[in-house]
Amino acid sequence: MTFRWPPIVTRSAALAFVVCVAALAVAPVALGFSVYTKNLVTLAFLMISGALAWNWMGGFVGQVSFGHAAMFGVGGFVAGRLMLMEPPAPAPLAWLAGGLVAGIFSLGAHPMLRLRGPYFSIATIGVGEASRLIFTYWEGFTGGSSGLSLPIDADMKDRLYWWGLGLAALVVAASYLIRRSTLGLQLLAIKADVEAAADVGVNETFYQDLVFALSATVVGLTGGLYAAYFSFIEPGDMFGFDRSIAFVLMSVIGGVGTVLGPVLGAIVFVLLRQFLLASYPQLYLGLYGVLLIFIILFEPLGLTGLALRLARFVRRRGEPRESLA
Amino acid sequence: MLLAGLYATMAYGLGLIYGVLRVVNLAHGGVIMAGAYLGWVLHGSLGLDPYLSIPLVVGVTFLLGVIMYRLLVRHLPRGAAGGPASLLLLFGVWLVLRNAAYLLFSGNDQTIRTAYSTRALPLFGSFVSVNRLAVLGIAVVTPVLLHLLLRRTYLGRAIRAVAQNADSCTLVGIDVERIYTITFGIGTALAGLAGLLSATIFSFNPGFGSGELLKSFVVVVLGGLGSVFGTGLAALILAVVEVFAILVLPSYLTAAVGFVMLVLVLVLRPGGLFGQRVLG
């Protein structure tokens with residue numbers, strides 16, 4: 001495959017991206033973030049990375065996975081175990097290892113990738129739940145239901161903000177490049193019609209494996225950072241079905257298959273969750289359900305679709321009306 | 001055998017909806033759970049025997065299905081584009097059902113206990129619970145009724161025709177939308193019935209139904225679509241594998257057997273054991 005630099009990476013887009021990242025990098029110091037705010041933003045960074053990585057598979061290739069928690073958990077626990085070693089592995093190395101193991105783990109899903117649509121989705125539920133049970137049972141590695149406590153000092157926790165920002169920035173850039181490159185077009189072709197894509201020479205098996213492994217690696221990395229963020233991990237949470245759903249929800253809320261969508265979705269998700277868990281813990285599942293129903297019925301592109309519609313509306317209002325007369 | 005009967009009943013509901021509408025009803029587990037709670041409420045507040053409440057539960061879950069179809073599923077794009085959308089939509093319905101159950105009944109485990117819950121009959125040298133025998137009986141009768149409905153009535157013929165080719169059905173004057181609505185209702189009613197029957201045997205909570213959904217899916221895929229015989233046999237295979245897994249695996253992992261089987265079946269025999277056949 002020849003990789004052509006996408007013409008769409010304009011100077012202004014790149015500039016906006018760099019400015020955003022730089023602003024976020026100095027924000028905690030410049031604006032004097034409280035520990036609470038800083039932690040919340042860090043969590044948002046992690047969720048952005050996870051949602052975007054899910055979106056590579058669920059949005060670009062169109063294979064909706066309900067089992068991404070499996071990779072999240074594998075990455076988290078591998079990183080956690082490495083940090084618990086004597087002497088402890090440096091955190092970034094542990095995260096990287098977690099991501100790589102998750103990526104390799106995902107290659108085991110190779111035979112599943114020829115399933116399409118609902119069959120694939122249901123199979124991922126099976127894999128996700130089976131991993132949860134197996135890893136909870138494997139106490140020697142995951143600590144069973146009592147989980148693992150990680151030795152994370154305040155200094156590390158403090159720096160996690162920038163690690164999270166770095167990861168999120170990388171993933172946003174990668175999503176953008178994938179979307180706009182020939183690779184992105186090939187994925188789109190697979191999404192539209194696998195057989196037709198194969199007929200025009202898109203190696204659908206290879207690309208699906210590739211994207212799935214990439215997605216798993218990033219989700220595994222995110223899991224590792226998340227483990228450091230909470231400094232306590234437990235298989236029921238890391239591998240839980242709710243976590244798999246969270247990746248789906250964030251992308252759907254923001255807009256499946258877009259780049260900015262999952263970013264927005266993840267931010268909304270984190271804020272909403274924080275607010276709901278504090279005020280209405282008993283409603284929060286149902287609210288997501290209602291949100292999902294409304295988005296699918298009325299605005300399948302989520303917030304992104306809403307924004308596009310708004311932009312069209314504003315533009316139309318701004319135009320002179322003569323053409324109608 | 002008992003498990004097989006339950007699995008078959010659940011799977012028919014899922015398979016019927018998929019066979020006719022090409023939609024995987026992810027809310028199936030939610031409806032199963034709703035059926036269980038409905039039976040529990042009727043038993044608890046009105047003192048209605050779970051077996052007498054069958055028509056009521058079936059009726060209510062049928063209506064639930066009709067509402068779900070009319071209000072939501074009908075508006076989805078048909079065909080391949082509807083795939084992910086319908087999954088997510090019905091998944092949302094499931095979340096709402098689960099949350100409603102948490103709000104109404106709290107997250108505690110519940111059971112339906114009747115005077116005969118602990119009674120047993122001697123049968124072939126061992127004792128079998130009366131309750132379980134009754135559940136088995138109903139679970140055997142249901143597929144037969146369903147088979148007769150699909151084979152012998154006008155409605156059944158119409159459903160099978162729509163499953164084969166909805167466009168030509170419109171041409172010969174079948175109200176396709178109405179058939180879709182009824183099919184969805186029958187599918188959810190079967191789920192409700194399965195939920196009610198399970199509730200007389202197992203304890204349940206609002207999270208009940210997710211494992212059941214996956215098991216139904218295993219059975220549907222394994223048995224091939226629409227063949228009553230295939231589904232029954234597939235349900236039996238799943239039940240037998242599960243029971244034997246309890247003997248060789250640590251108890252905690254037996255729950256994973258269903259999931260592993262699901263993946264294996266999907267990967268190895270996506271067409272089912274008996275090949276894929278259109279309904280009937």
# chains A, B, ... in the order shown; residues from 1 in each chain; ligands from 1

$ residues_around --residues "Val265 (chain B)" --least-positions-apart "2" --cutoff "12 Å" --atoms "only C-alpha atoms" --output "ChimeraX atom specification"
/A:111-112,115,119,122-123,126 /B:214-215,217-224,234,237-238,257-263,267-273

$ residues_around --residues "region 100-109 of chain A" --least-positions-apart "4" --cutoff "6 Å" --atoms "only C-alpha atoms" --output "ChimeraX atom specification"
/A:71,74-75,213,216-217,220

$ write_last_selection --atoms "N, CA and C atoms" --output "PDB file, in the first residue's frame"
ATOM      1  N   MET A  71     -10.231  -5.879  25.962  1.00  0.00           N
ATOM      2  CA  MET A  71      -8.910  -5.319  25.695  1.00  0.00           C
ATOM      3  C   MET A  71      -8.514  -4.291  26.736  1.00  0.00           C
ATOM      4  N   VAL A  74      -7.389  -6.304  29.718  1.00  0.00           N
ATOM      5  CA  VAL A  74      -6.089  -6.943  29.513  1.00  0.00           C
ATOM      6  C   VAL A  74      -4.983  -5.900  29.635  1.00  0.00           C
ATOM      7  N   GLY A  75      -5.155  -4.757  28.947  1.00  0.00           N
ATOM      8  CA  GLY A  75      -4.147  -3.697  29.022  1.00  0.00           C
ATOM      9  C   GLY A  75      -3.959  -3.222  30.450  1.00  0.00           C
ATOM     10  N   ALA A 213      -6.508  -4.705  15.644  1.00  0.00           N
ATOM     11  CA  ALA A 213      -5.341  -4.772  16.517  1.00  0.00           C
ATOM     12  C   ALA A 213      -4.940  -3.372  16.980  1.00  0.00           C
ATOM     13  N   ALA A 216      -7.394  -2.251  19.519  1.00  0.00           N
ATOM     14  CA  ALA A 216      -7.182  -2.964  20.782  1.00  0.00           C
ATOM     15  C   ALA A 216      -5.955  -2.419  21.505  1.00  0.00           C
ATOM     16  N   THR A 217      -4.895  -2.117  20.755  1.00  0.00           N
ATOM     17  CA  THR A 217      -3.685  -1.595  21.382  1.00  0.00           C
ATOM     18  C   THR A 217      -3.979  -0.290  22.105  1.00  0.00           C
ATOM     19  N   GLY A 220      -6.074  -0.900  25.075  1.00  0.00           N
ATOM     20  CA  GLY A 220      -5.233  -1.493  26.113  1.00  0.00           C
ATOM     21  C   GLY A 220      -4.383  -0.438  26.808  1.00  0.00           C
TER      22      GLY A 220
END

$ closest_atom_pairs --of "chain B" --to "chain A" --cutoff "8 Å" --atoms "only C-alpha atoms" --output "Markdown table"
| residue | atom | partner | partner_atom | distance |
| --- | --- | --- | --- | --- |
| B:Val24 | CA | A:Pro118 | CA | 6.8 |
| B:Leu72 | CA | A:Leu297 | CA | 7.5 |
| B:His75 | CA | A:Leu297 | CA | 7.0 |
| B:Leu76 | CA | A:Leu297 | CA | 7.1 |
| B:Gly83 | CA | A:Gly117 | CA | 6.0 |
| B:Pro84 | CA | A:Gly117 | CA | 6.6 |
| B:Ala85 | CA | A:Ile296 | CA | 6.2 |
| B:Leu87 | CA | A:Pro118 | CA | 7.1 |
| B:Leu88 | CA | A:Leu292 | CA | 6.9 |
| B:Leu89 | CA | A:Ile293 | CA | 5.0 |
| B:Leu90 | CA | A:Ile293 | CA | 7.7 |
| B:Phe91 | CA | A:Gly289 | CA | 7.3 |
| B:Gly92 | CA | A:Gly289 | CA | 3.8 |
| B:Val93 | CA | A:Gly289 | CA | 6.0 |
| B:Trp94 | CA | A:Gly289 | CA | 7.3 |
| B:Leu95 | CA | A:Gly289 | CA | 4.9 |
| B:Val96 | CA | A:Gly286 | CA | 4.2 |
| B:Leu97 | CA | A:Gly286 | CA | 7.5 |
| B:Arg98 | CA | A:Gly286 | CA | 7.3 |
| B:Asn99 | CA | A:Gly286 | CA | 4.9 |
| B:Ala100 | CA | A:Gly286 | CA | 7.2 |
| B:Tyr102 | CA | A:Gln282 | CA | 7.5 |
| B:Leu103 | CA | A:Gln282 | CA | 6.8 |
| B:Leu214 | CA | A:Gly126 | CA | 7.3 |
| B:Tyr252 | CA | A:Tyr137 | CA | 7.0 |
| B:Leu253 | CA | A:Leu133 | CA | 6.5 |
| B:Ala255 | CA | A:Leu133 | CA | 7.7 |
| B:Ala256 | CA | A:Ala130 | CA | 5.0 |
| B:Val257 | CA | A:Ala130 | CA | 7.9 |
| B:Phe259 | CA | A:Gly126 | CA | 4.4 |
| B:Val260 | CA | A:Ala130 | CA | 6.6 |
| B:Leu262 | CA | A:Gly126 | CA | 6.4 |
| B:Val263 | CA | A:Ala123 | CA | 5.4 |
| B:Leu266 | CA | A:Ala123 | CA | 7.1 |
| B:Val267 | CA | A:Met112 | CA | 6.0 |

$ write_last_selection --atoms "N, CA and C atoms" --output "JSON list (two decimals), in the first residue's frame"
[["chain", "number", "residue", "atom", "x", "y", "z"],
["B", 24, "VAL", "N", -32.12, -8.26, 15.02],
["B", 24, "VAL", "CA", -31.80, -9.00, 16.24],
["B", 24, "VAL", "C", -32.33, -8.21, 17.42],
["B", 72, "LEU", "N", -40.91, 2.30, 17.66],
["B", 72, "LEU", "CA", -39.47, 2.43, 17.45],
["B", 72, "LEU", "C", -38.97, 1.69, 16.21],
["B", 75, "HIS", "N", -39.41, 2.59, 12.44],
["B", 75, "HIS", "CA", -38.79, 3.76, 11.82],
["B", 75, "HIS", "C", -37.34, 3.53, 11.40],
["B", 76, "LEU", "N", -36.84, 2.34, 11.65],
["B", 76, "LEU", "CA", -35.45, 2.06, 11.28],
["B", 76, "LEU", "C", -35.35, 1.84, 9.78],
["B", 83, "GLY", "N", -28.79, -2.61, 10.29],
["B", 83, "GLY", "CA", -28.11, -3.53, 11.20],
["B", 83, "GLY", "C", -27.63, -2.90, 12.49],
["B", 84, "PRO", "N", -26.56, -2.10, 12.42],
["B", 84, "PRO", "CA", -26.04, -1.49, 13.64],
["B", 84, "PRO", "C", -27.08, -0.60, 14.32],
["B", 85, "ALA", "N", -27.87, 0.11, 13.53],
["B", 85, "ALA", "CA", -28.85, 1.02, 14.11],
["B", 85, "ALA", "C", -29.86, 0.25, 14.95],
["B", 87, "LEU", "N", -29.53, -2.67, 16.32],
["B", 87, "LEU", "CA", -28.88, -3.22, 17.50],
["B", 87, "LEU", "C", -28.82, -2.18, 18.61],
["B", 88, "LEU", "N", -28.34, -0.98, 18.24],
["B", 88, "LEU", "CA", -28.15, 0.06, 19.24],
["B", 88, "LEU", "C", -29.49, 0.51, 19.80],
["B", 89, "LEU", "N", -30.47, 0.65, 18.91],
["B", 89, "LEU", "CA", -31.80, 1.09, 19.35],
["B", 89, "LEU", "C", -32.39, 0.13, 20.37],
["B", 90, "LEU", "N", -32.39, -1.16, 20.03],
["B", 90, "LEU", "CA", -33.00, -2.14, 20.93],
["B", 90, "LEU", "C", -32.18, -2.31, 22.18],
["B", 91, "PHE", "N", -30.87, -2.06, 22.04],
["B", 91, "PHE", "CA", -30.02, -2.07, 23.22],
["B", 91, "PHE", "C", -30.46, -0.96, 24.18],
["B", 92, "GLY", "N", -30.79, 0.19, 23.61],
["B", 92, "GLY", "CA", -31.29, 1.30, 24.42],
["B", 92, "GLY", "C", -32.58, 0.91, 25.13],
["B", 93, "VAL", "N", -33.46, 0.21, 24.41],
["B", 93, "VAL", "CA", -34.70, -0.25, 25.02],
["B", 93, "VAL", "C", -34.41, -1.15, 26.21],
["B", 94, "TRP", "N", -33.44, -2.01, 26.03],
["B", 94, "TRP", "CA", -33.06, -2.93, 27.09],
["B", 94, "TRP", "C", -32.59, -2.15, 28.33],
["B", 95, "LEU", "N", -31.72, -1.16, 28.11],
["B", 95, "LEU", "CA", -31.24, -0.35, 29.23],
["B", 95, "LEU", "C", -32.41, 0.30, 29.96],
["B", 96, "VAL", "N", -33.36, 0.82, 29.20],
["B", 96, "VAL", "CA", -34.51, 1.49, 29.82],
["B", 96, "VAL", "C", -35.31, 0.48, 30.65],
["B", 97, "LEU", "N", -35.56, -0.71, 30.06],
["B", 97, "LEU", "CA", -36.32, -1.73, 30.79],
["B", 97, "LEU", "C", -35.62, -2.10, 32.10],
["B", 98, "ARG", "N", -34.29, -2.25, 31.99],
["B", 98, "ARG", "CA", -33.52, -2.65, 33.17],
["B", 98, "ARG", "C", -33.61, -1.58, 34.24],
["B", 99, "ASN", "N", -33.47, -0.33, 33.80],
["B", 99, "ASN", "CA", -33.50, 0.77, 34.76],
["B", 99, "ASN", "C", -34.88, 0.88, 35.40],
["B", 100, "ALA", "N", -35.91, 0.68, 34.59],
["B", 100, "ALA", "CA", -37.27, 0.73, 35.13],
["B", 100, "ALA", "C", -37.44, -0.33, 36.20],
["B", 102, "TYR", "N", -35.10, -1.66, 38.07],
["B", 102, "TYR", "CA", -34.35, -1.26, 39.27],
["B", 102, "TYR", "C", -35.16, -0.27, 40.08],
["B", 103, "LEU", "N", -35.76, 0.69, 39.39],
["B", 103, "LEU", "CA", -36.52, 1.71, 40.09],
["B", 103, "LEU", "C", -37.72, 1.12, 40.80],
["B", 214, "LEU", "N", -28.02, -14.31, 25.22],
["B", 214, "LEU", "CA", -26.91, -14.93, 24.50],
["B", 214, "LEU", "C", -27.19, -16.40, 24.24],
["B", 252, "TYR", "N", -17.52, -21.43, 39.01],
["B", 252, "TYR", "CA", -17.53, -20.05, 38.56],
["B", 252, "TYR", "C", -17.47, -19.96, 37.04],
["B", 253, "LEU", "N", -16.78, -20.92, 36.42],
["B", 253, "LEU", "CA", -16.56, -20.83, 34.98],
["B", 253, "LEU", "C", -17.69, -21.41, 34.15],
["B", 255, "ALA", "N", -20.59, -20.49, 33.83],
["B", 255, "ALA", "CA", -21.35, -19.43, 33.16],
["B", 255, "ALA", "C", -20.69, -19.04, 31.84],
["B", 256, "ALA", "N", -19.37, -19.23, 31.77],
["B", 256, "ALA", "CA", -18.66, -18.84, 30.56],
["B", 256, "ALA", "C", -18.89, -19.83, 29.42],
["B", 257, "VAL", "N", -19.36, -21.03, 29.75],
["B", 257, "VAL", "CA", -19.52, -22.07, 28.73],
["B", 257, "VAL", "C", -20.42, -21.59, 27.61],
["B", 259, "PHE", "N", -21.05, -18.59, 26.64],
["B", 259, "PHE", "CA", -20.42, -17.55, 25.83],
["B", 259, "PHE", "C", -19.40, -18.15, 24.87],
["B", 260, "VAL", "N", -18.62, -19.09, 25.40],
["B", 260, "VAL", "CA", -17.61, -19.72, 24.56],
["B", 260, "VAL", "C", -18.29, -20.49, 23.42],
["B", 262, "LEU", "N", -21.12, -19.84, 22.14],
["B", 262, "LEU", "CA", -21.67, -18.85, 21.22],
["B", 262, "LEU", "C", -20.63, -18.49, 20.16],
["B", 263, "VAL", "N", -19.42, -18.16, 20.65],
["B", 263, "VAL", "CA", -18.38, -17.74, 19.72],
["B", 263, "VAL", "C", -17.99, -18.89, 18.80],
["B", 266, "LEU", "N", -20.65, -19.48, 16.18],
["B", 266, "LEU", "CA", -20.69, -18.43, 15.18],
["B", 266, "LEU", "C", -19.53, -18.56, 14.20],
["B", 267, "VAL", "N", -18.37, -18.92, 14.74],
["B", 267, "VAL", "CA", -17.19, -18.97, 13.89],
["B", 267, "VAL", "C", -17.17, -20.24, 13.05]]

$ residues_around --residues "region 154-165 of chain B" --least-positions-apart "5" --cutoff "10 Å" --atoms "only C-alpha atoms" --output "list in words"
Leu16, Ile17, Tyr18, Gly19, Val20, Leu21, Arg22, Leu146, His147, Leu148, Leu149, Thr170, Ile174, Asp175, Val176, Glu177, Arg178, Ile179, Tyr180, Ile182, Thr183, Gly226, Val278, Leu279 and Gly280 of chain B

$ write_last_selection --atoms "C-alpha atoms" --output "mmCIF file, in the first residue's frame"
data_model
loop_
_atom_site.group_PDB
_atom_site.id
_atom_site.type_symbol
_atom_site.label_atom_id
_atom_site.label_comp_id
_atom_site.auth_asym_id
_atom_site.auth_seq_id
_atom_site.Cartn_x
_atom_site.Cartn_y
_atom_site.Cartn_z
ATOM 1 C CA LEU B 16 -38.986 -15.598 14.743
ATOM 2 C CA ILE B 17 -38.265 -11.883 14.890
ATOM 3 C CA TYR B 18 -34.926 -12.282 13.153
ATOM 4 C CA GLY B 19 -36.331 -14.616 10.532
ATOM 5 C CA VAL B 20 -39.135 -12.287 9.536
ATOM 6 C CA LEU B 21 -37.845 -8.784 10.253
ATOM 7 C CA ARG B 22 -34.083 -9.398 9.967
ATOM 8 C CA LEU B 146 -46.158 -22.195 17.318
ATOM 9 C CA HIS B 147 -45.527 -24.765 14.620
ATOM 10 C CA LEU B 148 -49.261 -25.232 14.103
ATOM 11 C CA LEU B 149 -49.774 -21.481 14.015
ATOM 12 C CA THR B 170 -47.599 -6.310 -0.727
ATOM 13 C CA ILE B 174 -50.899 -8.806 2.607
ATOM 14 C CA ASP B 175 -50.556 -5.943 5.054
ATOM 15 C CA VAL B 176 -46.821 -6.342 5.649
ATOM 16 C CA GLU B 177 -46.632 -3.773 8.426
ATOM 17 C CA ARG B 178 -49.373 -5.574 10.327
ATOM 18 C CA ILE B 179 -47.581 -8.898 9.947
ATOM 19 C CA TYR B 180 -44.348 -7.328 11.182
ATOM 20 C CA ILE B 182 -47.781 -9.213 15.060
ATOM 21 C CA THR B 183 -44.550 -11.142 14.557
ATOM 22 C CA GLY B 226 -37.119 -21.351 11.657
ATOM 23 C CA VAL B 278 -36.019 -19.673 5.732
ATOM 24 C CA LEU B 279 -38.834 -19.885 8.219
ATOM 25 C CA GLY B 280 -41.084 -22.955 7.952
#

$ select_by_dssp --residues "region 67-215 of chain A" --states "alpha helix (DSSP H)" --output "PyMOL selection string"
chain A and resi 69-83+91-107+117-137+139-142+154-180+182-192+194-199+204-215

$ atom_distance --atom1 "CA of Pro50 (chain B)" --atom2 "CA of Ser210 (chain B)"
22.5 Å

$ residues_around --residues "Gly185 (chain B)" --least-positions-apart "6" --cutoff "12 Å" --atoms "only C-alpha atoms" --output "number ranges by chain"
B: 13-14, 16-17, 21, 25, 28, 31, 58-70, 73, 178-179, 191-192

$ atom_distance --atom1 "CA of Lys191 (chain A)" --atom2 "CA of Leu71 (chain B)"
28.2 Å

$ select_by_dssp --residues "region 40-253 of chain A" --states "strand (DSSP E or B)" --output "JSON, numbers by chain"
{"A": [148, 149, 232, 233]}

$ residues_around --residues "Ile233 (chain A)" --least-positions-apart "3" --cutoff "7 Å" --atoms "only C-alpha atoms" --output "list of chain:residue names"
A:Gly147, A:Leu148, A:Ser149, A:Ala227, A:Met238
